[in-house]
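Undergrad: The following file, structure-v3.txt, comprises compact mmCIF, C-alpha atoms:
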# COMPACT_ATOMS: atom_id res chain seq x y z
CA MET A 1 -66.82 -15.78 -169.54
CA ALA A 2 -70.15 -17.43 -170.12
CA THR A 3 -73.85 -16.91 -169.55
CA LEU A 4 -76.01 -19.83 -168.41
CA THR A 5 -79.70 -20.59 -168.66
CA TYR A 6 -81.76 -23.32 -166.99
CA ASN A 7 -84.81 -25.31 -168.01
CA GLU A 8 -88.03 -26.02 -166.10
CA TYR A 9 -86.32 -28.93 -164.32
CA ALA A 10 -83.58 -26.64 -162.96
CA GLN A 11 -81.09 -28.38 -165.22
CA LEU A 12 -78.56 -26.52 -167.34
CA GLY A 13 -80.34 -25.67 -170.57
CA GLY A 14 -77.94 -23.37 -172.37
CA LEU A 15 -74.44 -21.96 -172.29
CA THR A 16 -73.02 -19.05 -174.26
CA LEU A 17 -69.26 -18.58 -174.38
CA LEU A 18 -68.13 -14.96 -174.37
CA ASN A 19 -64.89 -13.10 -175.03
CA GLY A 20 -63.73 -9.56 -174.33
CA ALA A 21 -64.67 -6.96 -171.73
CA SER A 22 -67.58 -7.83 -169.48
CA SER A 23 -69.31 -4.58 -170.46
CA SER A 24 -69.46 -5.52 -174.15
CA PRO A 25 -68.42 -9.17 -174.63
CA THR A 26 -68.36 -10.95 -177.95
CA SER A 27 -70.39 -14.15 -178.31
CA LEU A 28 -68.23 -17.01 -179.57
CA ALA A 29 -70.33 -20.14 -179.36
CA SER A 30 -73.46 -21.49 -177.73
CA GLU A 31 -74.38 -24.89 -176.33
CA THR A 32 -77.90 -26.20 -175.81
CA PHE A 33 -78.85 -29.11 -173.53
CA ASN A 34 -82.19 -30.92 -173.44
CA ASP A 35 -83.55 -33.33 -170.81
CA ASP A 36 -86.71 -35.40 -170.64
CA ALA A 37 -89.23 -35.45 -167.77
CA ASN A 38 -87.04 -38.06 -166.02
CA LEU A 39 -84.08 -35.63 -166.09
CA ARG A 40 -82.20 -37.80 -168.58
CA PRO A 41 -80.09 -35.99 -171.21
CA THR A 42 -81.76 -36.41 -174.61
CA SER A 43 -79.78 -34.08 -176.87
CA LEU A 44 -77.10 -31.43 -177.00
CA SER A 45 -75.68 -29.15 -179.64
CA ALA A 46 -72.87 -26.61 -179.94
CA THR A 47 -72.97 -23.84 -182.55
CA TRP A 48 -70.60 -21.10 -183.64
CA LEU A 49 -71.78 -17.52 -183.11
CA PRO A 50 -70.84 -14.46 -185.24
CA GLY A 51 -68.15 -13.26 -182.81
CA SER A 52 -66.05 -16.33 -183.59
CA SER A 53 -65.81 -15.55 -187.33
CA ASN A 54 -67.08 -19.10 -187.88
CA SER A 55 -70.49 -20.54 -188.62
CA GLY A 56 -72.32 -23.83 -188.42
CA THR A 57 -72.71 -26.64 -185.94
CA ILE A 58 -69.69 -27.80 -183.95
CA LEU A 59 -71.24 -30.85 -182.31
CA SER A 60 -74.67 -32.44 -181.98
CA GLN A 61 -75.77 -35.56 -180.16
CA SER A 62 -79.02 -37.32 -179.32
CA ARG A 63 -79.89 -40.26 -177.05
CA THR A 64 -82.83 -42.58 -176.49
CA TYR A 65 -83.50 -44.84 -173.50
CA ASP A 66 -85.38 -48.00 -172.61
CA ASN A 67 -87.79 -48.24 -169.69
CA ALA A 68 -84.91 -49.01 -167.32
CA SER A 69 -83.08 -45.80 -168.38
CA ASN A 70 -80.38 -47.70 -170.28
CA VAL A 71 -79.05 -45.76 -173.28
CA ILE A 72 -80.10 -47.83 -176.30
CA ASN A 73 -79.28 -45.41 -179.13
CA SER A 74 -76.91 -42.51 -179.64
CA GLY A 75 -76.36 -40.33 -182.68
CA THR A 76 -73.39 -37.96 -182.87
CA THR A 77 -72.14 -35.51 -185.50
CA TYR A 78 -68.80 -33.68 -185.34
CA ALA A 79 -67.84 -30.74 -187.55
CA SER A 80 -64.63 -31.05 -189.49
CA VAL A 81 -61.63 -29.08 -188.27
CA PRO A 82 -60.21 -26.74 -190.92
CA GLY A 83 -56.90 -28.00 -192.20
CA VAL A 84 -57.17 -31.38 -190.47
CA SER A 85 -57.58 -34.26 -192.90
CA GLY A 86 -60.11 -36.91 -191.93
CA SER A 87 -61.68 -34.85 -189.15
CA GLY A 88 -65.42 -34.58 -188.66
CA GLY A 89 -68.12 -37.08 -189.44
CA SER A 90 -71.02 -38.81 -187.74
CA GLU A 91 -72.05 -42.12 -186.23
CA THR A 92 -75.17 -43.89 -185.02
CA GLN A 93 -74.67 -46.41 -182.23
CA ASN A 94 -77.05 -48.96 -180.78
CA PHE A 95 -76.74 -50.74 -177.43
CA CYS A 96 -78.32 -54.03 -176.32
CA TYR A 97 -79.00 -55.22 -172.77
CA ASP A 98 -80.18 -58.53 -171.36
CA GLU A 99 -83.10 -59.03 -168.97
CA GLN A 100 -80.78 -58.11 -166.07
CA ASN A 101 -79.87 -54.75 -167.64
CA ARG A 102 -76.32 -55.88 -168.47
CA LEU A 103 -74.73 -54.51 -171.63
CA ILE A 104 -74.32 -57.43 -174.07
CA TRP A 105 -73.72 -55.68 -177.40
CA SER A 106 -72.77 -52.25 -178.73
CA GLY A 107 -71.64 -50.92 -182.05
CA ASN A 108 -72.01 -48.52 -184.96
CA GLY A 109 -71.80 -51.25 -187.57
CA GLY A 110 -71.87 -55.00 -188.04
CA THR A 111 -74.83 -57.25 -187.30
CA GLN A 112 -76.90 -56.34 -184.28
CA PRO A 113 -78.40 -59.28 -182.34
CA SER A 114 -82.10 -59.55 -181.59
CA ALA A 115 -83.33 -58.09 -178.34
CA GLY A 116 -84.59 -61.44 -177.01
CA ASN A 117 -85.84 -60.86 -173.46
CA GLY A 118 -83.87 -57.61 -173.20
CA THR A 119 -83.78 -54.34 -175.12
CA CYS A 120 -81.90 -52.98 -178.14
CA GLY A 121 -81.72 -49.66 -179.94
CA SER A 122 -83.46 -49.40 -183.30
CA GLY A 123 -81.35 -46.76 -185.03
CA THR A 124 -79.75 -47.48 -188.41
CA LEU A 125 -76.11 -48.27 -187.66
CA ALA A 126 -73.70 -45.95 -189.45
CA ASN A 127 -70.23 -44.45 -189.11
CA SER A 128 -68.19 -41.95 -191.11
CA LEU A 129 -65.68 -41.08 -188.38
CA SER A 130 -62.13 -42.02 -189.30
CA GLY A 131 -61.00 -45.18 -187.49
CA ALA A 132 -64.01 -45.22 -185.17
CA GLY A 133 -65.99 -48.20 -186.50
CA TYR A 134 -66.59 -50.87 -183.87
CA THR A 135 -68.70 -53.80 -182.71
CA ASN A 136 -68.47 -55.19 -179.16
CA THR A 137 -70.01 -58.25 -177.54
CA ASP A 138 -69.98 -58.86 -173.78
CA THR A 139 -70.80 -62.11 -172.00
CA TYR A 140 -71.08 -62.82 -168.29
CA THR A 141 -70.62 -65.64 -165.81
CA ASN A 142 -73.47 -67.00 -163.73
CA LEU A 143 -72.27 -64.68 -160.96
CA GLY A 144 -72.75 -61.64 -163.18
CA GLN A 145 -69.03 -61.03 -163.76
CA ILE A 146 -67.64 -60.08 -167.17
CA TRP A 147 -66.52 -63.34 -168.77
CA GLN A 148 -65.54 -62.30 -172.29
CA ALA A 149 -65.34 -58.74 -173.61
CA PRO A 150 -63.00 -56.48 -175.60
CA LEU A 151 -60.10 -55.05 -173.61
CA ASN A 152 -60.83 -51.41 -172.69
CA GLY A 153 -64.06 -51.59 -174.66
CA SER A 154 -62.53 -52.19 -178.09
CA GLY A 155 -60.34 -54.59 -180.03
CA SER A 156 -60.22 -58.36 -179.84
CA THR A 157 -62.21 -60.30 -177.27
CA GLU A 158 -60.39 -61.08 -174.02
CA GLN A 159 -61.00 -63.77 -171.40
CA TYR A 160 -61.20 -62.35 -167.88
CA LEU A 161 -59.70 -63.91 -164.73
CA TYR A 162 -60.87 -63.36 -161.16
CA CYS A 163 -58.66 -63.69 -158.09
CA ILE A 164 -59.75 -65.02 -154.72
CA ALA A 165 -57.77 -63.88 -151.67
CA VAL A 166 -56.49 -66.65 -149.39
CA ARG A 167 -56.23 -65.27 -145.86
CA ARG A 168 -53.90 -67.89 -144.34
CA THR A 169 -51.14 -67.40 -146.89
CA LYS A 170 -52.03 -63.83 -147.86
CA SER A 171 -51.82 -64.87 -151.47
CA ALA A 172 -54.32 -64.88 -154.29
CA VAL A 173 -55.66 -67.65 -156.44
CA CYS A 174 -56.73 -66.68 -159.94
CA ILE A 175 -59.45 -68.72 -161.52
CA GLN A 176 -60.43 -68.68 -165.17
CA GLN A 177 -64.19 -68.54 -165.12
CA GLU A 178 -66.05 -70.75 -167.52
CA ARG A 179 -69.68 -70.64 -168.34
CA PRO A 180 -71.04 -74.01 -167.20
CA ALA A 181 -73.19 -75.84 -169.65
CA GLN A 182 -76.84 -76.23 -168.82
CA ARG A 183 -77.17 -79.30 -166.63
CA ALA A 184 -79.63 -81.89 -167.70
CA ALA A 185 -82.31 -82.78 -165.21
CA GLU A 186 -81.17 -85.65 -163.01
CA PRO A 187 -83.47 -88.65 -162.65
CA PRO A 188 -85.03 -88.97 -159.21
CA ARG A 189 -83.01 -91.14 -156.88
CA SER A 190 -84.66 -94.25 -155.50
CA THR A 191 -85.29 -94.21 -151.76
CA PRO A 192 -85.04 -97.44 -149.78
CA PRO A 193 -88.34 -98.42 -148.19
CA ALA A 194 -88.80 -97.28 -144.62
CA THR A 195 -88.73 -99.94 -141.94
CA THR A 196 -90.10 -99.90 -138.43
CA PRO A 197 -87.46 -100.42 -135.73
CA GLY A 198 -87.82 -103.88 -134.20
CA ALA A 199 -90.05 -105.15 -136.96
CA THR A 200 -89.35 -108.58 -138.38
CA ARG A 201 -89.53 -109.59 -141.96
CA PRO A 202 -92.31 -111.99 -142.92
CA VAL A 203 -91.22 -115.61 -143.21
CA ALA A 204 -92.75 -117.96 -145.73
CA ARG A 205 -94.65 -120.83 -144.11
CA THR A 206 -94.76 -124.36 -145.36
CA THR A 207 -97.55 -126.87 -144.86
CA ALA A 208 -97.13 -130.45 -144.09
Represent the structure of the file as structure tokens.
TA:
Amino acid sequence: MATLTYNEYAQLGGLTLLNGASSSPTSLASETFNDDANLRPTSLSATWLPGSSNSGTILSQSRTYDNASNVINSGTTYASVPGVSGSGGSETQNFCYDEQNRLIWSGNGGTQPSAGNGTCGSGTLANSLSGAGYTNTDTYTNLGQIWQAPLNGSGSTEQYLYCIAVRRTKSAVCIQQERPAQRAAEPPRSTPPATTPGATRPVARTTA
């Protein structure tokens, strides 16, 4: 069982998990959700209640956004699980986007690039979660397709292929996209002088 509460935006604001008979249930844990005026989730937390025989925070998370509603920073803390070695910890992640709102970098460590014409989170990168440290970089083709990125969002960088269907043979042609180098400006081509149809060229005259 659970009881639910809502905020002024009619979004879920709280959740209390219950156990036992509906007439006198025991409160086990509570969750709190917060949204901003744009109905974007900004934070959440889960806490043990006395009926669980535990105490403290189970989970907490916060988020910040840029003006285009891209998540640019996220902070998360997990409680350790009793008897489980290496459990629990926290991390602070930042995310960077280009001027077209495409994700170009994410991580909880490493060296974050400058925002350039896009946006980046400003949190201090950190991670104490076991085996969860990461840094990802994504690049795109001129058509906006992923060109290079980690497979499944983590690990080594992979090159992506795109297949074009060929109707006549019902087969597919896979093309390895390459980012073309910036073309240098071409010099203007010379245009032959216009001539009037039927016109004759001038002929040099000689004098006796």
Undergrad: Find the spatial neighbours of stretch 21-32 of chain A, counting all atoms listed in the file, within a cut-off of 12 Å - ignore same-chain residues fewer than 4 positions away - and output them as a ChimeraX atom specification.
TA: /A:1-7,11-17,41-62
Undergrad: Between A:Ile72, A:Glu8, A:Ser130, A:Gly20, single out the one closest to A:Ala37, counting all atoms listed in the file.
TA: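 Of all the options, A:Glu8 lies closest to A:Ala37.
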Undergrad: What is the distance between atom CA of A:Gly110 and atom CA of A:Asn142, in Å to one decimal?
TA: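 Interatomic distance here is 27.2 Å.
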Undergrad: Using all atoms listed in the file, determine which residues lie at most 9 Å from A:Asn94, disregarding the query and same-chain residues fewer than 3 positions distant; provide the list as a PyMOL selection string.
TA: chain A and resi 71-75+105-109+112+120-125
Undergrad: If I take atom CA of A:Gly131 and atom CA of A:Arg63, how far is one from the other in Å, to one decimal?
TA: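 A separation of 22.1 Å between them.
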Undergrad: Separation of atom CA of A:Thr92 and atom CA of A:Ser128, in Å?
TA: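 Between atom CA of A:Thr92 and atom CA of A:Ser128 the gap works out to 9.5 Å.
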